[in-house]
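**Student:** Have a look at this one.
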Protein chains: 2
Amino acid sequence: MTLKIIDGKKIAGIIKKEASKELENLYNQYKIKPNITTIKIGNDSSSDLYLRLRDNACKEIGITSNHLEFPDDVTEKEIINSINKLNSDNKVHGILIQFPIPNHISANKLFKSIQPNKDVEGFNPHNLGKTLIGDESIIPCTPLAVLKILEYEKEKIEGKDIVIINHSNIVGKPLAILLLNRNATTSICHVFTKNLKNYTSKADILITATGIPNMLTKDFVKKGSFIIDVGISKTKNGITGDVDFKSVKDKINSITPVPGGVGPITVACAIKNMLKTYRYCLESNNF
Amino acid sequence: MTLKIIDGKKIAGIIKKEASKELENLYNQYKIKPNITTIKIGNDSSSDLYLRLRDNACKEIGITSNHLEFPDDVTEKEIINSINKLNSDNKVHGILIQFPIPNHISANKLFKSIQPNKDVEGFNPHNLGKTLIGDESIIPCTPLAVLKILEYEKEKIEGKDIVIINHSNIVGKPLAILLLNRNATTSICHVFTKNLKNYTSKADILITATGIPNMLTKDFVKKGSFIIDVGISKTKNGITGDVDFKSVKDKINSITPVPGGVGPITVACAIKNMLKTYRYCLESNNF
């Protein structure tokens, strides 16, 4: 069996090219350039790399990316007031919240306050609920990246036994819904799971987002399976994912590497979503 | 092992008593009686029994239940116009759509048009999305009935291996989210599942809603498991569920019978949800 190592940069390139083409079409029609605002609270350096990569991608495509920065001790009300102003500003075509945010601010309240048609990350309840009923419009970036990988690699989803290790609001739960919408038999595991190996060792497709470096060794994976590693951890040996690559490489069929797998595709999916909100704003589509 | 047959009518009685108490409190405060409207399209007799049971329960509690009836050939636009009128009528405290509806009308469009704070069945995307992010307010009646059974039977959810057979918008997907919110390891199976028995035979809690009478025999269930049978089928031998009761009864620990299990609790949960929308309307809570 030849192991296929998925080229995340290549897939990201295809997605960004599509976005660039769409921008061109919309610009020719409306003569307005896309303008996106990211709200950043405090000075957590862990998000700076991701933000820089996204800003570079925006520049590459021709999207204006503004930052609204707030100190750590800003109140929730001040942030919501700012979001309301961005919602009603017709020169703004998309809003993002940069994570992490301070503990005294509720992520859910911020997501609820972003107008659904400007919600680049797809975390507003209206957009998540639409996804749940199969009326998918703006899909959160990481779950969308997983779908794009399966799509570009022509991996069938319907009827497959798929296991997700993560049940968060931003990865595991929306991803489970997307896979159910495509008729996968879907199991969602997490830190409360009694026997993780019972699940993962039978998965045709395994998607992991635990953030525990190298936790998944060959005993955890099914022979010939397809593995998508969303985990990113800094270790003394460099950046690594949830999967112990050396241990699994002779047993599986395909894997996304870390780095260079899901990461760049997630950035490209954020760009793709920006093009969606830009289109919705231009077409005054409030669904 | 003694088999526990769950008394659906008893649990329904407890839920209705709580609803009755809440109605009394709200009435004492606001001096306005709850007023709910059900939209019924066409003459499908299969829904009449359920509608009659729900109307009886409304009467028992003191909720005014009106019907707006339309012929089979009504347009989607006419129904949405009616919903809009009900949305803005402050004498109406809740709206339901009676299923089935004709094929030329989109259920999703109707659900989207019901104002979230009047959405008795919890199918509006905003309410489903809130459930997904763990901010549960109005939960669809059947998934809520399943939660209530587990709650009244003091069955722990966290860490349990739970299997749902159903991935519809109104049962399987919202139920999966609710179980994930409570940290169950959750697997969702359906007609595309390759080997159903592999899943069901390992489930601590098995929830089935296939509508295929008696399909689950003892080989499908785990010893000592808890089974919730949402299926209701009319057969020549009477009403039956998805589970072959005689086959499984000596192997499992607890089961909801059909009839007399999930059915009456679902009706009680509809009443419970009516009290929620009534409260939201009185408190002018548009979340």
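Starting from 1 in every chain, residues are counted up; chains themselves are A, B, ... following the order of the structure tokens, and ligands are numbered from 1 as listed.
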Write out, as CSV, each residue of stretch 52-167 of chain B that has an atom at most 9 Å from stretch 185-188 of chain B, together with the closest pair of atoms and their distance in Å to one decimal, counting only C-alpha atoms, rows going by chain and rising number.

**Tutor:**
```
residue,atom,partner,partner_atom,distance
B:Ile157,CA,B:Thr185,CA,8.9
B:Glu158,CA,B:Thr185,CA,7.8
B:Gly159,CA,B:Thr185,CA,6.0
B:Lys160,CA,B:Thr185,CA,5.9
B:Asp161,CA,B:Thr185,CA,5.0
B:Ile162,CA,B:Thr186,CA,5.0
B:Val163,CA,B:Ser187,CA,4.8
B:Ile164,CA,B:Ile188,CA,4.9
B:Ile165,CA,B:Ile188,CA,6.0
B:Asn166,CA,B:Ile188,CA,6.8
B:His167,CA,B:Ile188,CA,6.6
```

**Student:** Go ahead and save the picked residues with N, CA and C atoms, as an mmCIF file, in the first residue's frame.

**Tutor:**
```
data_model
loop_
_atom_site.group_PDB
_atom_site.id
_atom_site.type_symbol
_atom_site.label_atom_id
_atom_site.label_comp_id
_atom_site.auth_asym_id
_atom_site.auth_seq_id
_atom_site.Cartn_x
_atom_site.Cartn_y
_atom_site.Cartn_z
ATOM 1 N N ILE B 157 -25.783 10.028 31.625
ATOM 2 C CA ILE B 157 -25.499 10.179 30.190
ATOM 3 C C ILE B 157 -23.993 10.317 29.930
ATOM 4 N N GLU B 158 -23.325 11.120 30.769
ATOM 5 C CA GLU B 158 -21.904 11.419 30.551
ATOM 6 C C GLU B 158 -21.051 10.144 30.453
ATOM 7 N N GLY B 159 -20.286 10.062 29.378
ATOM 8 C CA GLY B 159 -19.363 8.938 29.210
ATOM 9 C C GLY B 159 -20.006 7.664 28.679
ATOM 10 N N LYS B 160 -21.340 7.644 28.609
ATOM 11 C CA LYS B 160 -22.016 6.433 28.107
ATOM 12 C C LYS B 160 -21.830 6.297 26.585
ATOM 13 N N ASP B 161 -21.822 5.042 26.128
ATOM 14 C CA ASP B 161 -21.831 4.771 24.691
ATOM 15 C C ASP B 161 -23.283 4.762 24.237
ATOM 16 N N ILE B 162 -23.676 5.800 23.503
ATOM 17 C CA ILE B 162 -25.073 5.937 23.094
ATOM 18 C C ILE B 162 -25.177 5.855 21.564
ATOM 19 N N VAL B 163 -26.118 5.076 21.100
ATOM 20 C CA VAL B 163 -26.354 4.954 19.653
ATOM 21 C C VAL B 163 -27.772 5.428 19.340
ATOM 22 N N ILE B 164 -27.865 6.268 18.318
ATOM 23 C CA ILE B 164 -29.152 6.741 17.816
ATOM 24 C C ILE B 164 -29.331 6.141 16.419
ATOM 25 N N ILE B 165 -30.483 5.528 16.155
ATOM 26 C CA ILE B 165 -30.749 5.093 14.771
ATOM 27 C C ILE B 165 -31.774 6.063 14.193
ATOM 28 N N ASN B 166 -31.299 7.060 13.499
ATOM 29 C CA ASN B 166 -32.118 8.113 12.886
ATOM 30 C C ASN B 166 -31.208 9.329 12.720
ATOM 31 N N HIS B 167 -31.200 9.891 11.540
ATOM 32 C CA HIS B 167 -30.392 11.119 11.366
ATOM 33 C C HIS B 167 -31.215 12.233 10.722
#
```

**Student:** Please provide as a short mmCIF file (atom, residue, chain, number, x, y, z; two decimals) with N, CA and C atoms, in the first residue's frame all residues within 10 Å of A:Gly238, with the sequence filter that same-chain residues fewer than 4 positions apart are discarded (counting only C-alpha atoms).

**Tutor:**
```
data_model
loop_
_atom_site.label_atom_id
_atom_site.label_comp_id
_atom_site.auth_asym_id
_atom_site.auth_seq_id
_atom_site.Cartn_x
_atom_site.Cartn_y
_atom_site.Cartn_z
N SER A 233 0.27 21.04 17.88
CA SER A 233 0.92 21.25 19.18
C SER A 233 2.37 21.63 18.98
N LYS A 234 2.83 22.55 19.81
CA LYS A 234 4.26 22.89 19.80
C LYS A 234 4.96 21.94 20.77
N PRO A 259 3.02 20.16 10.26
CA PRO A 259 2.22 21.19 9.58
C PRO A 259 2.04 20.88 8.07
#
```

**Student:** Mind the document's chain letters and residue numbers, and return as a list in words the residues of stretch 22-177 of chain B that DSSP labels strand (DSSP E).

**Tutor:**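 Here is the list: Asn35, Ile36, Thr37, Thr38, Ile39, Lys40, Ile41, Thr64, Ser65, Asn66, His67, Leu68, Glu69, Phe70, Gly94, Ile95, Leu96, Ile97, Gln98, Asp161, Ile162, Val163, Ile164 and Ile165 of chain B.
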
**Student:** Using the selection just defined, write its residues with C-alpha atoms as a PDB file, in the first residue's frame.

**Tutor:**
```pdb
ATOM      1  CA  ASN B  35     -53.003  30.945  23.244  1.00  0.00           C
ATOM      2  CA  ILE B  36     -51.357  28.598  20.727  1.00  0.00           C
ATOM      3  CA  THR B  37     -52.055  28.203  16.992  1.00  0.00           C
ATOM      4  CA  THR B  38     -51.448  25.066  14.942  1.00  0.00           C
ATOM      5  CA  ILE B  39     -51.252  25.339  11.154  1.00  0.00           C
ATOM      6  CA  LYS B  40     -52.720  22.284   9.451  1.00  0.00           C
ATOM      7  CA  ILE B  41     -52.467  21.777   5.697  1.00  0.00           C
ATOM      8  CA  THR B  64     -56.239  27.652  24.257  1.00  0.00           C
ATOM      9  CA  SER B  65     -55.334  25.680  21.139  1.00  0.00           C
ATOM     10  CA  ASN B  66     -56.538  27.089  17.809  1.00  0.00           C
ATOM     11  CA  HIS B  67     -56.221  25.473  14.387  1.00  0.00           C
ATOM     12  CA  LEU B  68     -55.666  27.326  11.137  1.00  0.00           C
ATOM     13  CA  GLU B  69     -56.652  24.875   8.405  1.00  0.00           C
ATOM     14  CA  PHE B  70     -55.636  25.156   4.759  1.00  0.00           C
ATOM     15  CA  GLY B  94     -46.854  29.966  20.084  1.00  0.00           C
ATOM     16  CA  ILE B  95     -47.032  28.497  16.574  1.00  0.00           C
ATOM     17  CA  LEU B  96     -46.865  24.876  15.420  1.00  0.00           C
ATOM     18  CA  ILE B  97     -46.931  23.258  11.979  1.00  0.00           C
ATOM     19  CA  GLN B  98     -48.786  19.952  11.845  1.00  0.00           C
ATOM     20  CA  ASP B 161     -21.831   4.771  24.691  1.00  0.00           C
ATOM     21  CA  ILE B 162     -25.073   5.937  23.094  1.00  0.00           C
ATOM     22  CA  VAL B 163     -26.354   4.954  19.653  1.00  0.00           C
ATOM     23  CA  ILE B 164     -29.152   6.741  17.816  1.00  0.00           C
ATOM     24  CA  ILE B 165     -30.749   5.093  14.771  1.00  0.00           C
TER      25      ILE B 165
END
```

**Student:** With only C-alpha atoms as the counted atoms, please give the residues lying no more than 9 Å from B:Ser247, apart from itself and same-chain residues fewer than 4 positions off, as a compact mmCIF listing (two decimals) with N, CA and C atoms, in the first residue's frame.

**Tutor:**
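The resulting around.txt:
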```
# COMPACT_ATOMS: atom_id res chain seq x y z
N LEU B 216 -35.44 -4.71 15.67
CA LEU B 216 -34.31 -4.92 16.58
C LEU B 216 -34.58 -6.11 17.49
N THR B 217 -33.89 -7.21 17.21
CA THR B 217 -34.02 -8.42 18.02
C THR B 217 -32.83 -8.50 19.00
N LYS B 218 -32.77 -9.57 19.80
CA LYS B 218 -31.78 -9.61 20.88
C LYS B 218 -30.33 -9.51 20.41
N ASP B 219 -30.05 -9.96 19.20
CA ASP B 219 -28.68 -9.86 18.69
C ASP B 219 -28.22 -8.41 18.53
N VAL B 243 -38.54 -2.18 18.27
CA VAL B 243 -37.88 -3.25 19.03
C VAL B 243 -38.81 -4.45 19.17
N LYS B 251 -32.74 -9.75 28.05
CA LYS B 251 -31.33 -9.35 27.91
C LYS B 251 -31.07 -7.92 28.41
```

**Student:** Could I get the residues of chain B with an atom no further than 9 Å from an atom of chain A, each paired with its nearest atom pair and that distance in Å to one decimal, using only C-alpha atoms, sorted by chain and residue number, as a tab-separated table?

**Tutor:**
```
residue	atom	partner	partner_atom	distance
B:Asn108	CA	A:Ile133	CA	7.4
B:Lys112	CA	A:Lys130	CA	8.8
B:Phe123	CA	A:Gly129	CA	8.6
B:Asn124	CA	A:Gly129	CA	7.5
B:Pro125	CA	A:Gly129	CA	3.9
B:His126	CA	A:His126	CA	4.2
B:Asn127	CA	A:Gly129	CA	7.1
B:Leu128	CA	A:Gly129	CA	4.8
B:Gly129	CA	A:Gly129	CA	3.8
B:Lys130	CA	A:Pro125	CA	5.2
B:Thr131	CA	A:Pro125	CA	8.3
B:Leu132	CA	A:Asn169	CA	6.8
B:Ile133	CA	A:Asn169	CA	5.3
B:Gly134	CA	A:Asn169	CA	7.9
B:Asp135	CA	A:Asn108	CA	8.1
B:Glu158	CA	A:Phe192	CA	6.9
B:Gly159	CA	A:Phe192	CA	4.8
B:Lys160	CA	A:Thr193	CA	7.4
B:Asp161	CA	A:Thr193	CA	7.7
B:Val163	CA	A:Ser187	CA	8.7
B:His167	CA	A:Leu180	CA	6.7
B:Ser168	CA	A:Ile133	CA	8.3
B:Asn169	CA	A:Ile133	CA	5.3
B:Ile170	CA	A:Ile133	CA	8.4
B:Lys173	CA	A:Ile177	CA	6.9
B:Pro174	CA	A:Leu132	CA	7.9
B:Ala176	CA	A:Lys173	CA	9.0
B:Ile177	CA	A:Lys173	CA	6.9
B:Leu180	CA	A:His167	CA	6.7
B:Asn181	CA	A:His167	CA	8.2
B:Asn183	CA	A:Phe192	CA	6.4
B:Ala184	CA	A:Phe192	CA	7.2
B:Thr185	CA	A:Cys189	CA	5.2
B:Thr186	CA	A:Ile188	CA	5.4
B:Ser187	CA	A:Ser187	CA	4.0
B:Ile188	CA	A:Thr186	CA	5.4
B:Cys189	CA	A:Thr185	CA	5.2
B:His190	CA	A:Thr185	CA	7.1
B:Val191	CA	A:Gly159	CA	8.5
B:Phe192	CA	A:Gly159	CA	4.8
B:Thr193	CA	A:Gly159	CA	5.3
B:Lys194	CA	A:Gly159	CA	6.2
```
